[in-house]
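**Q** I'd like to ask some things about the structure below.
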Amino acid sequence: MKNVSYGKLRIEGRRILLEDVRPHVSIKLKSIFARIQKQQTKNYDLALNDETCADLLWFFDRFPFEMTSADLSKIKKGSKRFKDDRAAMEAILLPGWEAPEIRGFRPGFSPNNMQTQAVEIIRKRKRLLLGDDVGQGKTWVAMAASLLMRPVAVVVEPHLAEQWAVEFIAEYTELTVHIIDGTRPYNLPAADVYVFRYSNISGWVDIAGTGFFKFVIFDEIQQLRTGGTSSKGAAAVVFADNAEWVLGLSATPIFGYGAEIWNILRIIDAEVLGAWDEFIREWCVYGRNNKWLVEDPDALGSYLRETGVFVRRLREGRPINKIIANVAYDDSEAEKTEDLARSLAMKVMEGKFGESGEAARQLDSLERRVTGIGKAKGIAAYAKILLASGVPVLLSAWHRDVYDILLKELREFKVALYTGSENTKQKNNVKHDFINGKIDCVLISNRSGAGLDGLQKRCHTLIVAELDWASAVYYQLAGRLDRPGQPEPEITMIFCVCDYGSDPTIMSVNALKSDQLRGITDPGSGLAETHSDVSHIKMLAQKYLERNAATQEEPA
């Protein structure tokens, strides 16, 4: 019987061309390769990579295609590499895997077995997004991998450059380190590790383009979630594309909707999710606010783990006691801005496209600012109960007006700012003064806390004064306290909210974004049970009232 052929295959460069595919086979093909446009017929174009080879070889068992022996050999070799790589990754992550020794750490220091597992995956795969839970030692993985491939470019948030260079690399390893100064290139001193800030990498793309940096590490890689639309995102692509190894670190790689993961993985490994149009065709639905949402976050999360590009291990740590506290709201501030808010709202509803978009942004900013101002005194009153009882507090907010009110209301205590306005030296001083007991309360910007280490040595209480559109911000803030070195059995996270202004809307959006993040990073985990115990807060409040009553009864 003559062999039946359902189409033809040929390989050109890095593309696989499928031609003259029969109609009923096309339907099957599109169901497997969702990146193919649904309106395409007969002829298709796929990227040549090991995963595609494995899927096609399986497909050809049911629907044989015509191809040359050379092309068939390439398909078989790619399929074998895919299976071998998956088996190797699974073996590394097994509990009984023995970690090889990594030399170059100072006496008494070395990565643990779990951290060395991630290093071995980097060595085999060369490109990895490491999403280990906060406090699991992602920095140790980065340092250990840096001992195997040099020179290294480490890109960090501006306030963390000194922490990385002095408190991590120089403290624990024998690697030499240099912090990059400014955006204008200069003759680099000899070093193993060069620490960049996200704010200065754009000036160094010409050097990165030469392939000088063999290994590039992006700490808190969620900073690149907007992709090439920002100068730092475009520069990151140059750094990554010209390096042999690339490592991204973040327990919260996306802050908004799930499609942000494409921008992150374009930098880590562009082949995994394909081109943008392929990605949205395969994984996304068009959602609110002109954003692309991942239709099935759990499925995408499982896929990323299967490819080996994403590794995440959770820590069995102390519970986080989350408390929702409704605070008093002063609506007089809202009344002052009512006319402006009404004008902006009219432009949003009736204005031209550009005018409407700008008005929407202004209205959002105005409403969140007014909400923060309206509840600031209520938040300060809540914070006083804790501070008066000797409880150190990390207090997060966003707007300058809110900082000013909180500073004024809490002036009887030692409060310091850790926001976007302080330079690196000032921030480091605040950090050390808080740890050493010279400061009672750190008033931190919602988005200034990622990667900050040390506050857990003294503090286990966080108050979120102003809500953020990105729920991942809360995870990062909690991670400043819920990490190794925390002596208390649990940390307390207090969300100060009100039933007015922007808070109700932000809380509803946070729920959607939280599900996008949860599905991608922890597929199949479901909604976690929330631990909330207000008993110790009530006890502190009772003592605060008793002290006040006693003070008022004292004779003059």
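Quick note on naming: the chains in the structure tokens go A, B, ... in the order shown, residues restart at 1 in each chain, and ligands are numbered from 1 in order of appearance.
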Compile the contact shell of region 237-250 of chain A as number ranges by chain: residues with an atom at most 7 Å away, counting only C-alpha atoms, same-chain residues fewer than 3 positions apart removed.
**A** A: 126-131, 138, 205, 208-209, 211, 213-222, 233-234, 253, 267-268
**Q** Selection from above, N, CA and C atoms, as a PDB file, in the first residue's frame, can you write it?
**A**
ATOM      1  N   LYS A 126      21.248  27.934  30.441  1.00  0.00           N
ATOM      2  CA  LYS A 126      21.887  29.209  30.120  1.00  0.00           C
ATOM      3  C   LYS A 126      20.973  30.436  30.251  1.00  0.00           C
ATOM      4  N   ARG A 127      19.681  30.238  30.276  1.00  0.00           N
ATOM      5  CA  ARG A 127      18.754  31.365  30.420  1.00  0.00           C
ATOM      6  C   ARG A 127      17.615  30.945  31.339  1.00  0.00           C
ATOM      7  N   LEU A 128      17.422  31.721  32.405  1.00  0.00           N
ATOM      8  CA  LEU A 128      16.475  31.301  33.440  1.00  0.00           C
ATOM      9  C   LEU A 128      15.812  32.502  34.100  1.00  0.00           C
ATOM     10  N   LEU A 129      14.508  32.369  34.345  1.00  0.00           N
ATOM     11  CA  LEU A 129      13.769  33.293  35.200  1.00  0.00           C
ATOM     12  C   LEU A 129      13.558  32.579  36.531  1.00  0.00           C
ATOM     13  N   LEU A 130      14.201  33.071  37.577  1.00  0.00           N
ATOM     14  CA  LEU A 130      14.129  32.452  38.896  1.00  0.00           C
ATOM     15  C   LEU A 130      13.118  33.216  39.748  1.00  0.00           C
ATOM     16  N   GLY A 131      12.003  32.538  40.072  1.00  0.00           N
ATOM     17  CA  GLY A 131      10.929  33.186  40.821  1.00  0.00           C
ATOM     18  C   GLY A 131      10.796  32.693  42.233  1.00  0.00           C
ATOM     19  N   LYS A 138      17.634  34.060  46.304  1.00  0.00           N
ATOM     20  CA  LYS A 138      17.900  34.273  44.868  1.00  0.00           C
ATOM     21  C   LYS A 138      19.240  34.963  44.655  1.00  0.00           C
ATOM     22  N   VAL A 205      24.972  50.528  26.286  1.00  0.00           N
ATOM     23  CA  VAL A 205      24.571  49.502  25.315  1.00  0.00           C
ATOM     24  C   VAL A 205      25.680  49.190  24.310  1.00  0.00           C
ATOM     25  N   ALA A 208      27.891  46.702  26.016  1.00  0.00           N
ATOM     26  CA  ALA A 208      27.180  45.430  26.131  1.00  0.00           C
ATOM     27  C   ALA A 208      27.057  44.747  24.773  1.00  0.00           C
ATOM     28  N   GLY A 209      26.905  45.542  23.714  1.00  0.00           N
ATOM     29  CA  GLY A 209      26.751  44.993  22.373  1.00  0.00           C
ATOM     30  C   GLY A 209      27.974  44.269  21.853  1.00  0.00           C
ATOM     31  N   GLY A 211      29.530  42.050  23.549  1.00  0.00           N
ATOM     32  CA  GLY A 211      29.593  40.741  24.186  1.00  0.00           C
ATOM     33  C   GLY A 211      30.585  40.678  25.330  1.00  0.00           C
ATOM     34  N   PHE A 213      30.164  41.408  28.471  1.00  0.00           N
ATOM     35  CA  PHE A 213      29.570  40.783  29.656  1.00  0.00           C
ATOM     36  C   PHE A 213      29.057  39.400  29.262  1.00  0.00           C
ATOM     37  N   LYS A 214      29.687  38.367  29.774  1.00  0.00           N
ATOM     38  CA  LYS A 214      29.325  37.001  29.422  1.00  0.00           C
ATOM     39  C   LYS A 214      28.045  36.547  30.133  1.00  0.00           C
ATOM     40  N   PHE A 215      27.761  37.165  31.263  1.00  0.00           N
ATOM     41  CA  PHE A 215      26.628  36.765  32.089  1.00  0.00           C
ATOM     42  C   PHE A 215      25.925  38.040  32.540  1.00  0.00           C
ATOM     43  N   VAL A 216      24.614  38.101  32.315  1.00  0.00           N
ATOM     44  CA  VAL A 216      23.832  39.273  32.728  1.00  0.00           C
ATOM     45  C   VAL A 216      22.751  38.834  33.707  1.00  0.00           C
ATOM     46  N   ILE A 217      22.688  39.520  34.843  1.00  0.00           N
ATOM     47  CA  ILE A 217      21.706  39.220  35.883  1.00  0.00           C
ATOM     48  C   ILE A 217      20.816  40.446  36.061  1.00  0.00           C
ATOM     49  N   PHE A 218      19.507  40.258  35.974  1.00  0.00           N
ATOM     50  CA  PHE A 218      18.549  41.333  36.217  1.00  0.00           C
ATOM     51  C   PHE A 218      17.852  41.067  37.540  1.00  0.00           C
ATOM     52  N   ASP A 219      18.218  41.830  38.573  1.00  0.00           N
ATOM     53  CA  ASP A 219      17.561  41.697  39.867  1.00  0.00           C
ATOM     54  C   ASP A 219      16.228  42.440  39.812  1.00  0.00           C
ATOM     55  N   GLU A 220      15.209  41.898  40.496  1.00  0.00           N
ATOM     56  CA  GLU A 220      13.871  42.498  40.470  1.00  0.00           C
ATOM     57  C   GLU A 220      13.478  42.822  39.027  1.00  0.00           C
ATOM     58  N   ILE A 221      13.481  41.794  38.190  1.00  0.00           N
ATOM     59  CA  ILE A 221      13.290  41.961  36.752  1.00  0.00           C
ATOM     60  C   ILE A 221      11.910  42.499  36.386  1.00  0.00           C
ATOM     61  N   GLN A 222      11.002  42.570  37.332  1.00  0.00           N
ATOM     62  CA  GLN A 222       9.713  43.195  37.044  1.00  0.00           C
ATOM     63  C   GLN A 222       9.880  44.653  36.631  1.00  0.00           C
ATOM     64  N   GLY A 233      14.357  49.165  29.181  1.00  0.00           N
ATOM     65  CA  GLY A 233      13.929  47.912  28.570  1.00  0.00           C
ATOM     66  C   GLY A 233      14.659  47.636  27.273  1.00  0.00           C
ATOM     67  N   ALA A 234      14.800  48.665  26.440  1.00  0.00           N
ATOM     68  CA  ALA A 234      15.527  48.502  25.174  1.00  0.00           C
ATOM     69  C   ALA A 234      16.988  48.155  25.434  1.00  0.00           C
ATOM     70  N   PRO A 253       7.348  38.550  39.049  1.00  0.00           N
ATOM     71  CA  PRO A 253       7.822  39.034  37.742  1.00  0.00           C
ATOM     72  C   PRO A 253       6.834  39.907  36.987  1.00  0.00           C
ATOM     73  N   ILE A 267      13.336  39.126  27.103  1.00  0.00           N
ATOM     74  CA  ILE A 267      14.701  39.425  27.546  1.00  0.00           C
ATOM     75  C   ILE A 267      15.415  38.149  27.989  1.00  0.00           C
ATOM     76  N   ILE A 268      14.715  37.289  28.699  1.00  0.00           N
ATOM     77  CA  ILE A 268      15.337  36.066  29.205  1.00  0.00           C
ATOM     78  C   ILE A 268      15.588  35.070  28.077  1.00  0.00           C
TER      79      ILE A 268
END
**Q** Need the shell around region 184-187 of chain A: protein/DNA/RNA residues with any atom at most 8 Å away, counting only C-alpha atoms. Skip same-chain ones fewer than 2 positions apart. Format as an NGL selection string?
**A** :A and (182 or 189 or 203-204 or 207)
**Q** So how far away is CA of His460 (chain A) from CA of Ser396 (chain A), in Å?
**A**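 Here the two named atoms are 13.7 Å from each other.
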**Q** Would you compute the distance between CA of Leu188 (chain A) and CA of Glu167 (chain A)? Give it in Å to one decimal.
**A**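 Spanning CA of Leu188 (chain A) to CA of Glu167 (chain A) is a straight-line distance of 21.8 Å.
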**Q** With distances taken over only C-alpha atoms, which of A:Thr229, A:Asn263, A:Gln37, A:Thr116 is nearest to Leu148 (chain A)?
**A**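 Among the listed residues, the smallest separation from Leu148 (chain A) belongs to A:Thr116.
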**Q** Extract, using only C-alpha atoms, all DNA, RNA and protein residues at most 10 Å from region 153-164 of chain A, discarding same-chain residues fewer than 6 positions from it, and format them as an MDAnalysis selection string.
**A** chainID A and resid 139 142:143 146 170:171 177:180 192:201 208 212:221 223 236 239:240 243 246:248 418 420 422:428 448:453
**Q** Residues of region 238-285 of chain A classed as strand (DSSP E) by DSSP on the backbone are to be reported as a PyMOL selection string.
**A** chain A and resi 245-249+284-285
**Q** Near region 97-101 of chain A, counting only C-alpha atoms, which residues have an atom at most 10 Å away, once you skip same-chain residues fewer than 3 positions from it, shown as a count of residues only?
**A** 16
**Q** For CA of Ala144 (chain A) and CA of Phe168 (chain A), determine how far apart the two atoms are, in Å to one decimal place.
**A**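 According to the coordinates, CA of Ala144 (chain A) and CA of Phe168 (chain A) are separated by 11.3 Å.
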**Q** Taking only region 194-227 of chain A into account, list the residues labelled alpha helix (DSSP H) by DSSP (computed from the backbone), as a list in words.
**A**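 These are the residues in question: Val205, Asp206, Ile207 and Ala208 of chain A.
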**Q** Can you list, as a PyMOL selection string, every protein, DNA or RNA residue that comes within 8 Å of Ile320 (chain A) when you count only C-alpha atoms, leaving out same-chain residues fewer than 6 positions away?
**A** chain A and resi 482+490-493+531
**Q** Output C-alpha atoms for every residue in that selection, as an mmCIF file, in the first residue's frame.
**A**
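File result.cif, as written:
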data_model
loop_
_atom_site.group_PDB
_atom_site.id
_atom_site.type_symbol
_atom_site.label_atom_id
_atom_site.label_comp_id
_atom_site.auth_asym_id
_atom_site.auth_seq_id
_atom_site.Cartn_x
_atom_site.Cartn_y
_atom_site.Cartn_z
ATOM 1 C CA ASP A 482 8.983 38.165 56.087
ATOM 2 C CA GLU A 490 4.676 35.936 62.323
ATOM 3 C CA ILE A 491 4.525 39.367 60.718
ATOM 4 C CA THR A 492 1.458 41.609 60.700
ATOM 5 C CA MET A 493 0.361 43.439 57.560
ATOM 6 C CA HIS A 531 -4.821 34.471 58.152
#
**Q** Show which residues sit within 8 Å of region 6-21 of chain A, as a PDB file with C-alpha atoms, in the first residue's frame. Count only C-alpha atoms, and ignore same-chain residues fewer than 4 positions away.
**A**
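Result written to part30.pdb:
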ATOM      1  CA  VAL A  25      -5.099  18.012   9.144  1.00  0.00           C
ATOM      2  CA  SER A  26      -4.876  21.819   9.251  1.00  0.00           C
ATOM      3  CA  THR A  41      -4.837  27.632   5.220  1.00  0.00           C
ATOM      4  CA  LYS A  42      -2.566  25.050   3.574  1.00  0.00           C
ATOM      5  CA  ASN A  43       0.828  26.707   4.284  1.00  0.00           C
ATOM      6  CA  TYR A  44       2.262  27.414   7.722  1.00  0.00           C
ATOM      7  CA  ASP A  45       5.477  28.802   9.199  1.00  0.00           C
ATOM      8  CA  LEU A  46       6.815  27.711  12.600  1.00  0.00           C
ATOM      9  CA  ALA A  47       9.956  28.561  14.556  1.00  0.00           C
ATOM     10  CA  LEU A  48      12.637  25.884  14.499  1.00  0.00           C
ATOM     11  CA  ASN A  49      13.262  24.967  18.115  1.00  0.00           C
ATOM     12  CA  PHE A  63      -0.249  12.388   9.987  1.00  0.00           C
ATOM     13  CA  PRO A  64       2.961  11.644   8.013  1.00  0.00           C
ATOM     14  CA  PHE A  65       4.506  14.490   5.957  1.00  0.00           C
ATOM     15  CA  GLU A  66       6.907  14.412   3.032  1.00  0.00           C
ATOM     16  CA  MET A  67      10.420  15.746   3.847  1.00  0.00           C
ATOM     17  CA  THR A  68      14.062  15.122   3.047  1.00  0.00           C
ATOM     18  CA  ASP A  71      15.210  17.669   7.507  1.00  0.00           C
TER      19      ASP A  71
END
**Q** Write out as an mmCIF file with C-alpha atoms, in the first residue's frame which residues come within 12 Å of Gly372 (chain A) when counting only C-alpha atoms, dropping same-chain ones fewer than 5 positions away.
**A**
data_model
loop_
_atom_site.group_PDB
_atom_site.id
_atom_site.type_symbol
_atom_site.label_atom_id
_atom_site.label_comp_id
_atom_site.auth_asym_id
_atom_site.auth_seq_id
_atom_site.Cartn_x
_atom_site.Cartn_y
_atom_site.Cartn_z
ATOM 1 C CA VAL A 327 -10.039 54.159 59.032
ATOM 2 C CA ALA A 328 -11.748 57.524 59.349
ATOM 3 C CA TYR A 329 -12.063 59.564 56.153
ATOM 4 C CA ASP A 330 -12.105 63.358 55.959
ATOM 5 C CA ASP A 331 -14.271 64.233 52.948
ATOM 6 C CA GLU A 333 -10.420 67.394 50.995
ATOM 7 C CA ALA A 334 -12.526 65.692 48.340
ATOM 8 C CA SER A 365 -4.000 60.387 40.070
ATOM 9 C CA LEU A 366 -6.267 63.004 41.611
ATOM 10 C CA GLU A 367 -8.692 60.485 43.099
ATOM 11 C CA LYS A 377 -5.021 61.327 59.811
ATOM 12 C CA GLY A 378 -6.959 58.123 60.449
ATOM 13 C CA ILE A 379 -3.909 56.097 59.407
ATOM 14 C CA ALA A 380 -1.656 58.165 61.669
ATOM 15 C CA SER A 396 4.039 52.513 53.149
ATOM 16 C CA ALA A 397 2.411 55.318 51.154
ATOM 17 C CA TRP A 398 2.732 56.999 47.759
ATOM 18 C CA HIS A 399 1.816 60.692 47.542
ATOM 19 C CA ARG A 400 3.991 63.500 48.893
ATOM 20 C CA ASP A 401 0.978 65.212 50.498
ATOM 21 C CA VAL A 402 0.229 62.017 52.407
ATOM 22 C CA TYR A 403 3.846 61.736 53.588
ATOM 23 C CA ASP A 404 3.643 65.335 54.861
ATOM 24 C CA ILE A 405 0.473 64.695 56.883
ATOM 25 C CA LEU A 406 1.845 61.473 58.357
ATOM 26 C CA VAL A 464 -0.129 49.895 54.003
ATOM 27 C CA ALA A 465 -1.451 53.451 54.043
ATOM 28 C CA GLU A 466 -2.216 53.884 50.336
ATOM 29 C CA LEU A 467 -3.326 51.100 48.032
ATOM 30 C CA ASP A 468 -1.459 50.384 44.790
ATOM 31 C CA CYS A 496 -5.782 50.877 56.002
ATOM 32 C CA VAL A 497 -8.803 51.319 53.746
ATOM 33 C CA CYS A 498 -11.965 53.362 53.506
ATOM 34 C CA TYR A 500 -14.728 56.199 49.669
ATOM 35 C CA GLY A 501 -12.594 57.472 46.818
ATOM 36 C CA SER A 502 -10.400 55.075 44.884
ATOM 37 C CA ASP A 503 -9.983 52.312 47.487
#
